[in-house]
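**Student:** Mind having a look at this structure? Questions to follow.
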Amino acid sequence: MINFEGEFGEKVRLRLGQEQVIWLTTVDAKNSPQPRPVWFHWDGETVLIFSQANAAKVRHIRHNLRVALNFNSTAGGSDVMVLLGEASIVDRKISDLRMRDYLDKYHQGIQDIGMTPESFQADYSVPILVKPTTLRGF
C-alpha cells in the first residue's frame with residue numbers, strides 16, 4: 001500500500017479523487033512503453049479503468065502486469081506524479097456501488113461521445129484494476 005502522508009502524498013490523493021484523465025502506460029510484446037490517456041476511478045486502494053475487449057492495453061496487461069499511471073504536469077513541469085503498480089484484467093463483476101460512482105463521474109463524458117451508460121458498459125466491457133505500489137514525483 002502506498003503511503004500518502006505528507007504534502008506530496010496529499011496532493012496525489014487529491015488528484016486521484018478529482019482528475020478526469022490519467023495516463024496509463026503498459027508495455028507491449030517488444031518491451032516498448034505504450035502510454036495512453038484513460039478515464040479512471042480511484043477507491044482509495046485501486047484504480048479502475050474500462051477498456052474495449054480488443055484494445056492493445058488488454059493484450060499488453062495479459063503479457064506484462066507492470067504498469068505506470070501519471071497525471072499531466074503543469075506547463076512549467078511541476079506537479080509530476082507517477083504511480084507504479086500491477087494491473088489485472090477483472091473476470092468478476094464490478095460492485096454496483098463502484099460502477100455507479102464511475103458512471104456518475106463520467107456521465108457528461110459518456111454523453112459527449114454519443115453513448116449511454118448502457119452502451120458504454122457494453123462497448124467498454126473489460127474492467128482493469130491497477131494496484132499502485134510505488135509513488136514518485138515532485
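Labeling convention for the C-alpha cells: chains A, B, ... as they appear, residues from 1 per chain, ligands from 1 in order of appearance.
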So that I can check the surroundings of Ala87 of chain A, please list as a list of chain:residue names every protein, DNA and RNA residue that reaches within 8 Å of it, counting only C-alpha atoms and ignoring chain neighbours fewer than 4 positions away.
**Tutor:** A:Ile61, A:Leu65, A:Arg66, A:Val67, A:Ile128, A:Leu129, A:Val130, A:Lys131
**Student:** Which residues in chain A does DSSP call strand (DSSP E or B)? List them as a PyMOL selection string.
**Tutor:** chain A and resi 22-27+33-38+41-42+47-51+66-70+81-89+126-137
**Student:** Using the selection just defined, write its residues with N, CA and C atoms as a short mmCIF file (atom, residue, chain, number, x, y, z; two decimals), in the first residue's frame.
**Tutor:**
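Wrote out31.cif, looks like this:
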data_model
loop_
_atom_site.label_atom_id
_atom_site.label_comp_id
_atom_site.auth_asym_id
_atom_site.auth_seq_id
_atom_site.Cartn_x
_atom_site.Cartn_y
_atom_site.Cartn_z
N ILE A 22 -6.17 10.08 -16.47
CA ILE A 22 -4.85 9.68 -16.01
C ILE A 22 -4.19 8.95 -17.19
N TRP A 23 -2.87 9.02 -17.26
CA TRP A 23 -2.14 8.31 -18.31
C TRP A 23 -1.80 6.92 -17.82
N LEU A 24 -2.19 5.91 -18.59
CA LEU A 24 -1.85 4.51 -18.31
C LEU A 24 -0.76 4.11 -19.29
N THR A 25 0.36 3.64 -18.76
CA THR A 25 1.43 3.15 -19.63
C THR A 25 1.57 1.65 -19.41
N THR A 26 1.38 0.91 -20.49
CA THR A 26 1.59 -0.53 -20.50
C THR A 26 2.85 -0.81 -21.30
N VAL A 27 3.24 -2.08 -21.34
CA VAL A 27 4.43 -2.48 -22.09
C VAL A 27 4.01 -3.51 -23.13
N PRO A 33 7.24 0.93 -24.06
CA PRO A 33 6.15 1.53 -23.30
C PRO A 33 5.10 2.13 -24.23
N GLN A 34 3.85 1.99 -23.83
CA GLN A 34 2.73 2.47 -24.64
C GLN A 34 1.78 3.30 -23.77
N PRO A 35 2.03 4.61 -23.66
CA PRO A 35 1.15 5.45 -22.84
C PRO A 35 -0.13 5.84 -23.58
N ARG A 36 -1.21 5.98 -22.80
CA ARG A 36 -2.48 6.44 -23.36
C ARG A 36 -3.30 7.06 -22.25
N PRO A 37 -4.05 8.12 -22.55
CA PRO A 37 -4.94 8.72 -21.54
C PRO A 37 -6.19 7.85 -21.39
N VAL A 38 -6.63 7.69 -20.14
CA VAL A 38 -7.82 6.87 -19.87
C VAL A 38 -8.66 7.53 -18.78
N HIS A 41 -11.35 5.48 -12.04
CA HIS A 41 -12.00 5.71 -10.74
C HIS A 41 -11.06 5.19 -9.65
N TRP A 42 -10.83 6.03 -8.67
CA TRP A 42 -9.96 5.70 -7.52
C TRP A 42 -10.86 5.43 -6.32
N VAL A 47 -7.14 1.63 -8.85
CA VAL A 47 -7.61 2.45 -9.97
C VAL A 47 -8.37 1.52 -10.90
N LEU A 48 -9.62 1.89 -11.19
CA LEU A 48 -10.46 1.13 -12.10
C LEU A 48 -10.49 1.83 -13.44
N ILE A 49 -10.23 1.06 -14.49
CA ILE A 49 -10.22 1.54 -15.87
C ILE A 49 -11.06 0.56 -16.68
N PHE A 50 -11.82 1.04 -17.63
CA PHE A 50 -12.56 0.16 -18.52
C PHE A 50 -11.96 0.23 -19.92
N SER A 51 -12.00 -0.90 -20.61
CA SER A 51 -11.42 -1.00 -21.95
C SER A 51 -12.33 -1.78 -22.87
N ARG A 66 2.96 -5.21 -15.15
CA ARG A 66 3.56 -3.97 -14.64
C ARG A 66 3.11 -2.79 -15.49
N VAL A 67 2.59 -1.75 -14.82
CA VAL A 67 2.11 -0.56 -15.50
C VAL A 67 2.55 0.68 -14.73
N ALA A 68 2.39 1.81 -15.36
CA ALA A 68 2.60 3.11 -14.71
C ALA A 68 1.37 3.97 -14.98
N LEU A 69 1.06 4.81 -14.00
CA LEU A 69 0.00 5.80 -14.12
C LEU A 69 0.60 7.15 -13.83
N ASN A 70 0.22 8.17 -14.58
CA ASN A 70 0.70 9.51 -14.27
C ASN A 70 -0.31 10.56 -14.71
N MET A 81 3.63 13.46 -10.97
CA MET A 81 3.11 12.41 -10.10
C MET A 81 3.01 11.12 -10.89
N VAL A 82 3.77 10.11 -10.47
CA VAL A 82 3.82 8.83 -11.15
C VAL A 82 3.54 7.73 -10.14
N LEU A 83 2.62 6.85 -10.48
CA LEU A 83 2.32 5.68 -9.66
C LEU A 83 2.71 4.45 -10.46
N LEU A 84 3.50 3.58 -9.88
CA LEU A 84 3.84 2.31 -10.50
C LEU A 84 3.04 1.23 -9.81
N GLY A 85 2.69 0.18 -10.55
CA GLY A 85 1.92 -0.88 -9.92
C GLY A 85 1.68 -2.04 -10.85
N GLU A 86 0.74 -2.89 -10.42
CA GLU A 86 0.37 -4.06 -11.20
C GLU A 86 -1.09 -3.97 -11.59
N ALA A 87 -1.35 -4.33 -12.82
CA ALA A 87 -2.71 -4.32 -13.35
C ALA A 87 -3.23 -5.74 -13.46
N SER A 88 -4.53 -5.87 -13.40
CA SER A 88 -5.15 -7.17 -13.65
C SER A 88 -6.43 -6.96 -14.44
N ILE A 89 -6.70 -7.90 -15.32
CA ILE A 89 -7.95 -7.92 -16.05
C ILE A 89 -8.94 -8.62 -15.13
N VAL A 126 -14.42 -4.50 -20.49
CA VAL A 126 -13.31 -5.16 -19.80
C VAL A 126 -12.79 -4.26 -18.68
N PRO A 127 -13.06 -4.64 -17.42
CA PRO A 127 -12.53 -3.87 -16.30
C PRO A 127 -11.07 -4.22 -16.03
N ILE A 128 -10.29 -3.18 -15.79
CA ILE A 128 -8.88 -3.33 -15.42
C ILE A 128 -8.72 -2.68 -14.05
N LEU A 129 -8.09 -3.39 -13.14
CA LEU A 129 -7.78 -2.82 -11.83
C LEU A 129 -6.27 -2.67 -11.71
N VAL A 130 -5.85 -1.50 -11.30
CA VAL A 130 -4.42 -1.24 -11.06
C VAL A 130 -4.23 -1.04 -9.57
N LYS A 131 -3.33 -1.80 -9.00
CA LYS A 131 -2.96 -1.67 -7.59
C LYS A 131 -1.62 -0.95 -7.53
N PRO A 132 -1.64 0.35 -7.22
CA PRO A 132 -0.36 1.09 -7.15
C PRO A 132 0.49 0.58 -5.98
N THR A 133 1.78 0.48 -6.25
CA THR A 133 2.72 0.01 -5.22
C THR A 133 3.80 1.02 -4.91
N THR A 134 4.07 1.93 -5.83
CA THR A 134 5.14 2.91 -5.67
C THR A 134 4.67 4.26 -6.15
N LEU A 135 5.04 5.30 -5.42
CA LEU A 135 4.69 6.67 -5.76
C LEU A 135 5.98 7.46 -5.87
N ARG A 136 6.09 8.24 -6.94
CA ARG A 136 7.26 9.13 -7.05
C ARG A 136 6.87 10.42 -7.77
N GLY A 137 7.65 11.40 -7.61
CA GLY A 137 7.41 12.68 -8.25
C GLY A 137 7.81 13.83 -7.37
#
**Student:** Which residue is closest to Phe138 of chain A? Choose from A:Asp28, A:Glu19, A:Glu45, A:Asp79 and count only C-alpha atoms.
**Tutor:**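 Selected residue with least distance to Phe138 of chain A: A:Asp79.
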**Student:** Write out as a list in words the residues lying within 12 Å of Arg100 of chain A, counting only C-alpha atoms and excluding same-chain residues fewer than 6 positions away.
**Tutor:** His41, Ile94, Tyr106, His107, Pro117, Glu118 and Gln121 of chain A
**Student:** Next, dump the selected residues to file, keeping only N, CA and C atoms, as a CSV table (one decimal), in the first residue's frame.
**Tutor:**
chain,number,residue,atom,x,y,z
A,41,HIS,N,-11.4,5.5,-12.0
A,41,HIS,CA,-12.0,5.7,-10.7
A,41,HIS,C,-11.1,5.2,-9.7
A,94,ILE,N,-17.9,-5.8,-11.4
A,94,ILE,CA,-17.5,-4.7,-10.6
A,94,ILE,C,-18.7,-4.4,-9.7
A,106,TYR,N,-18.3,10.1,-15.0
A,106,TYR,CA,-18.2,10.3,-16.4
A,106,TYR,C,-19.5,10.4,-17.2
A,107,HIS,N,-20.5,10.8,-16.4
A,107,HIS,CA,-21.9,11.0,-17.0
A,107,HIS,C,-21.8,11.9,-18.2
A,117,PRO,N,-25.0,5.2,-20.6
A,117,PRO,CA,-24.3,4.3,-19.7
A,117,PRO,C,-24.4,2.9,-20.1
A,118,GLU,N,-25.5,2.4,-20.6
A,118,GLU,CA,-25.6,1.0,-21.1
A,118,GLU,C,-24.8,0.7,-22.3
A,121,GLN,N,-21.1,0.6,-21.2
A,121,GLN,CA,-20.7,-0.6,-20.5
A,121,GLN,C,-20.6,-1.8,-21.4
**Student:** Please, which residues of chain A, numbered as in this document, come out helix (DSSP H, G or I) from DSSP, as a PyMOL selection string?
**Tutor:** chain A and resi 6-18+56-63+96-105+107-112+117-123
**Student:** Which is closest to His63 of chain A among A:Ile113, A:Ala29, A:Met99, A:Val21, if we use only C-alpha atoms?
**Tutor:**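 Using only C-alpha atoms, His63 of chain A sits closest to A:Ala29.
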**Student:** I need the residue nearest Arg15 of chain A from this list: A:Gly44, A:Val58, A:Gln111, A:Asp123. Use only C-alpha atoms for the distance.
**Tutor:**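 Ranking A:Gly44, A:Val58, A:Gln111, A:Asp123 by distance to Arg15 of chain A, first place goes to A:Gly44.
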**Student:** Which residue out of A:Ser73, A:Asp101, A:Ala122, A:Ser95 has the minimum interatomic distance to Val12 of chain A when only C-alpha atoms are used?
**Tutor:**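 Once distances to Val12 of chain A are computed over only C-alpha atoms, the minimum belongs to A:Ser73.
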**Student:** Looking at A:Gln20, A:Asn72, A:Gln52, A:Asn3, which one is nearest to Ser125 of chain A, with distances taken over only C-alpha atoms?
**Tutor:**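 For Ser125 of chain A, the nearest of the given residues is A:Gln52.
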**Student:** Of the residues A:Leu103, A:Leu14, A:Ile2, A:Ala75, which is the one nearest to Thr46 of chain A, using only C-alpha atoms?
**Tutor:**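 Residue with the minimum atom-to-atom distance to Thr46 of chain A: A:Ile2.
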